[in-house]
Amino acid sequence: DSGVTQTPKHLITATGQRVTLRCSPRSGDLSVYWYQQSLDQGLQFLIQYYNGEERAKGNILERFSAQQFPDLHSELNLSSLELGDSALYFCASSVRPAGGVGNEQFFGPGTRLTVL
Amino acid sequence: DAKTTQPPSMDCAEGRAANLPCNHSTISGNEYVYWYRQIHSQGPQYIIHGLKNNETNEMASLIITEDRKSSTLILPHATLRDTAVYYCIVRPLYTDKLIFGTGTRLQVFP
């Protein structure tokens with residue numbers, strides 16, 4: 001158990017819909033990261049937040065957005081869903097923001113999104 | 001694009017050492033080598049990292065060549081629970097963005 005929690009575990013929805021994935025980081029961690037893992041693209045970094053501020057952006061679609069709240073939990077919002085958005089979505093957390101040694105990321109169990 | 005090259009799959013007998021190679025010939029001086037693994041569809045798990053010296057922790061050892069162009073992750077006594085996809089990642093010091101490649105699927109057999 002990494003200490004990172006994600007809800008829900010599974011989500012099934014239809015094309016065109018909007019969903020929200022939730023992540024609670026490990027106690028004391030200020031950075032939160034979102035990754036997407038699909039069969040054809042592998043594990044891809046989406047976005048990072050540190051203490052409520054966006055820190056780094058990766059291959060995140062404009063239909064996707066995220067935020068980190070004052071209690072440090074984070075939400076990933078996916079809208080206008082398409083079949084290709086079906087994937088595992090992982091959240092990770094770490095103590096510090098970018099850079100430095102020892103800033104390992106601890107991953108949650110993931111949310112499996114299925115778009116029908 | 002991933003900066004590392006790994007064999008797609010490897011087998012190892014239970015109780016033997018598993019040696020997983022990684023090529024990172026374009027690594028620069030401010031980049032670390034990180035290893036993560038993913039068991040089935042669980043979240044990736046951090047294993048170890050290093051810069052230029054060999055490193056060891058309770059999970060594994062990391063051997064980095066002197067020119068830093070390749071490295072080997074060693075699981076000294078592989079168990080069935082070590083069956084997973086192992087990712088070798090080159091991470092610049094100034095970013096936390098992890099760029100995962102396709103990894104090596106390690107199968108430990110009895």
# chains A, B, ... in the order shown; residues from 1 in each chain; ligands from 1
>>> interface_residues(of="chain B", to="chain A", cutoff="8 Å", atoms="only C-alpha atoms", output="VMD selection string")
chain B and resid 42 to 46 92 to 102
>>> select_by_dssp(residues="chain A", states="strand (DSSP E or B)", output="PDB file with C-alpha atoms, in the first residue's frame")
ATOM      1  CA  THR A   5      -5.784   6.597  -2.602  1.00  0.00           C
ATOM      2  CA  GLN A   6      -7.863   6.930  -5.739  1.00  0.00           C
ATOM      3  CA  THR A   7     -11.604   6.780  -6.253  1.00  0.00           C
ATOM      4  CA  HIS A  10     -13.827   1.485 -11.831  1.00  0.00           C
ATOM      5  CA  LEU A  11     -15.913   3.849 -13.905  1.00  0.00           C
ATOM      6  CA  ILE A  12     -18.075   2.981 -16.892  1.00  0.00           C
ATOM      7  CA  THR A  13     -19.652   5.765 -18.894  1.00  0.00           C
ATOM      8  CA  VAL A  19     -16.336  12.248 -15.244  1.00  0.00           C
ATOM      9  CA  THR A  20     -14.223  13.234 -12.261  1.00  0.00           C
ATOM     10  CA  LEU A  21     -11.440  11.116 -10.828  1.00  0.00           C
ATOM     11  CA  ARG A  22     -10.240  11.780  -7.315  1.00  0.00           C
ATOM     12  CA  CYS A  23      -6.844  11.337  -5.691  1.00  0.00           C
ATOM     13  CA  SER A  24      -5.637  11.756  -2.118  1.00  0.00           C
ATOM     14  CA  SER A  31       3.037  17.194  -5.199  1.00  0.00           C
ATOM     15  CA  VAL A  32       0.429  15.272  -7.139  1.00  0.00           C
ATOM     16  CA  TYR A  33       0.865  13.793 -10.605  1.00  0.00           C
ATOM     17  CA  TRP A  34      -1.603  12.270 -13.052  1.00  0.00           C
ATOM     18  CA  TYR A  35      -0.712   9.575 -15.577  1.00  0.00           C
ATOM     19  CA  GLN A  36      -2.746   7.775 -18.218  1.00  0.00           C
ATOM     20  CA  GLN A  37      -2.072   4.183 -19.244  1.00  0.00           C
ATOM     21  CA  SER A  38      -3.732   2.907 -22.372  1.00  0.00           C
ATOM     22  CA  GLY A  42       1.573   3.021 -22.554  1.00  0.00           C
ATOM     23  CA  LEU A  43       2.086   5.106 -19.401  1.00  0.00           C
ATOM     24  CA  GLN A  44       1.969   8.818 -20.163  1.00  0.00           C
ATOM     25  CA  PHE A  45       2.453  11.786 -17.862  1.00  0.00           C
ATOM     26  CA  LEU A  46      -0.487  14.191 -17.944  1.00  0.00           C
ATOM     27  CA  ILE A  47       0.009  16.933 -15.370  1.00  0.00           C
ATOM     28  CA  GLN A  48       1.620  17.816 -12.029  1.00  0.00           C
ATOM     29  CA  TYR A  49       0.437  20.055  -9.207  1.00  0.00           C
ATOM     30  CA  TYR A  50       2.418  21.289  -6.245  1.00  0.00           C
ATOM     31  CA  GLU A  53      -0.378  25.267  -8.325  1.00  0.00           C
ATOM     32  CA  GLU A  54       0.131  23.663 -11.714  1.00  0.00           C
ATOM     33  CA  ARG A  55       3.796  22.699 -11.987  1.00  0.00           C
ATOM     34  CA  ALA A  56       4.268  20.741 -15.203  1.00  0.00           C
ATOM     35  CA  LYS A  57       2.168  19.680 -18.136  1.00  0.00           C
ATOM     36  CA  PHE A  64      -9.065  17.174 -19.635  1.00  0.00           C
ATOM     37  CA  SER A  65      -8.384  19.427 -16.671  1.00  0.00           C
ATOM     38  CA  ALA A  66      -7.151  18.993 -13.148  1.00  0.00           C
ATOM     39  CA  GLN A  67      -6.879  20.880  -9.917  1.00  0.00           C
ATOM     40  CA  GLN A  68      -5.424  20.469  -6.456  1.00  0.00           C
ATOM     41  CA  SER A  74      -6.605  16.404  -6.528  1.00  0.00           C
ATOM     42  CA  GLU A  75      -9.271  15.832  -9.139  1.00  0.00           C
ATOM     43  CA  LEU A  76      -8.901  15.025 -12.813  1.00  0.00           C
ATOM     44  CA  ASN A  77     -11.867  16.053 -14.921  1.00  0.00           C
ATOM     45  CA  LEU A  78     -12.425  14.366 -18.278  1.00  0.00           C
ATOM     46  CA  ALA A  87      -7.612   3.696 -19.908  1.00  0.00           C
ATOM     47  CA  LEU A  88      -6.154   3.312 -16.456  1.00  0.00           C
ATOM     48  CA  TYR A  89      -5.595   6.657 -14.777  1.00  0.00           C
ATOM     49  CA  PHE A  90      -2.959   6.770 -12.055  1.00  0.00           C
ATOM     50  CA  CYS A  91      -2.270   9.407  -9.510  1.00  0.00           C
ATOM     51  CA  ALA A  92       1.110   9.680  -7.811  1.00  0.00           C
ATOM     52  CA  SER A  93       2.458  11.885  -5.062  1.00  0.00           C
ATOM     53  CA  SER A  94       5.810  13.035  -3.777  1.00  0.00           C
ATOM     54  CA  PHE A 106       4.385   6.871  -5.026  1.00  0.00           C
ATOM     55  CA  PHE A 107       1.540   5.673  -7.195  1.00  0.00           C
ATOM     56  CA  THR A 111      -9.007   4.232 -11.742  1.00  0.00           C
ATOM     57  CA  ARG A 112     -10.067   2.102 -14.691  1.00  0.00           C
ATOM     58  CA  LEU A 113     -12.215   4.172 -17.031  1.00  0.00           C
ATOM     59  CA  THR A 114     -14.290   2.451 -19.688  1.00  0.00           C
ATOM     60  CA  VAL A 115     -16.054   4.588 -22.262  1.00  0.00           C
TER      61      VAL A 115
END
>>> residues_around(residues="B:Thr65", least_positions_apart="3", cutoff="10 Å", atoms="only C-alpha atoms", output="ChimeraX atom specification")
/B:52-54,62,68-72
>>> atom_distance(atom1="atom CA of A:His73", atom2="atom CA of A:Gly3")
12.7 Å
>>> atom_distance(atom1="atom CA of B:Arg105", atom2="atom CA of A:Pro25")
28.1 Å
>>> atom_distance(atom1="atom CA of B:Ser41", atom2="atom CA of B:Thr79")
18.5 Å
>>> residues_around(residues="B:Pro21", least_positions_apart="4", cutoff="9 Å", atoms="only C-alpha atoms", output="PDB file with N, CA, C and O atoms, in the first residue's frame")
ATOM      1  N   THR B   5      16.413   1.963 -23.765  1.00  0.00           N
ATOM      2  CA  THR B   5      16.089   0.767 -24.534  1.00  0.00           C
ATOM      3  C   THR B   5      16.215  -0.442 -23.625  1.00  0.00           C
ATOM      4  O   THR B   5      17.253  -0.614 -22.958  1.00  0.00           O
ATOM      5  N   GLN B   6      15.146  -1.244 -23.580  1.00  0.00           N
ATOM      6  CA  GLN B   6      15.138  -2.445 -22.740  1.00  0.00           C
ATOM      7  C   GLN B   6      14.644  -3.626 -23.559  1.00  0.00           C
ATOM      8  O   GLN B   6      13.823  -3.462 -24.470  1.00  0.00           O
ATOM      9  N   PRO B   7      15.108  -4.835 -23.205  1.00  0.00           N
ATOM     10  CA  PRO B   7      14.552  -6.008 -23.899  1.00  0.00           C
ATOM     11  C   PRO B   7      13.078  -6.142 -23.535  1.00  0.00           C
ATOM     12  O   PRO B   7      12.684  -5.845 -22.412  1.00  0.00           O
ATOM     13  N   SER B  70      24.806   2.667 -19.901  1.00  0.00           N
ATOM     14  CA  SER B  70      23.917   1.538 -19.652  1.00  0.00           C
ATOM     15  C   SER B  70      23.913   1.201 -18.169  1.00  0.00           C
ATOM     16  O   SER B  70      24.794   1.639 -17.417  1.00  0.00           O
ATOM     17  N   SER B  71      22.910   0.450 -17.781  1.00  0.00           N
ATOM     18  CA  SER B  71      22.814   0.039 -16.383  1.00  0.00           C
ATOM     19  C   SER B  71      22.127  -1.320 -16.298  1.00  0.00           C
ATOM     20  O   SER B  71      21.512  -1.783 -17.271  1.00  0.00           O
ATOM     21  N   THR B  72      22.252  -1.942 -15.141  1.00  0.00           N
ATOM     22  CA  THR B  72      21.616  -3.235 -14.901  1.00  0.00           C
ATOM     23  C   THR B  72      20.947  -3.217 -13.537  1.00  0.00           C
ATOM     24  O   THR B  72      21.577  -2.831 -12.543  1.00  0.00           O
ATOM     25  N   LEU B  73      19.698  -3.596 -13.520  1.00  0.00           N
ATOM     26  CA  LEU B  73      18.983  -3.777 -12.257  1.00  0.00           C
ATOM     27  C   LEU B  73      19.105  -5.237 -11.863  1.00  0.00           C
ATOM     28  O   LEU B  73      18.841  -6.129 -12.671  1.00  0.00           O
ATOM     29  N   ILE B  74      19.508  -5.468 -10.622  1.00  0.00           N
ATOM     30  CA  ILE B  74      19.681  -6.845 -10.160  1.00  0.00           C
ATOM     31  C   ILE B  74      18.724  -7.125  -9.007  1.00  0.00           C
ATOM     32  O   ILE B  74      18.748  -6.424  -7.987  1.00  0.00           O
ATOM     33  N   CYS B  88      12.903   1.209 -16.915  1.00  0.00           N
ATOM     34  CA  CYS B  88      14.123   1.991 -16.695  1.00  0.00           C
ATOM     35  C   CYS B  88      13.847   3.389 -17.236  1.00  0.00           C
ATOM     36  O   CYS B  88      13.415   3.539 -18.383  1.00  0.00           O
ATOM     37  N   THR B 104      10.575  -3.957 -19.582  1.00  0.00           N
ATOM     38  CA  THR B 104      10.871  -5.385 -19.736  1.00  0.00           C
ATOM     39  C   THR B 104       9.882  -6.174 -18.910  1.00  0.00           C
ATOM     40  O   THR B 104       9.756  -5.949 -17.703  1.00  0.00           O
TER      41      THR B 104
END
>>> residues_around(residues="B:Arg81", least_positions_apart="6", cutoff="10 Å", atoms="only C-alpha atoms", output="list in words")
Glu14, Ile39, Gln107 and Val108 of chain B
>>> closest_residue(among="B:Ala78, B:Gly50, B:Val33, B:Ile63", to="B:Arg16", atoms="only C-alpha atoms")
B:Ala78
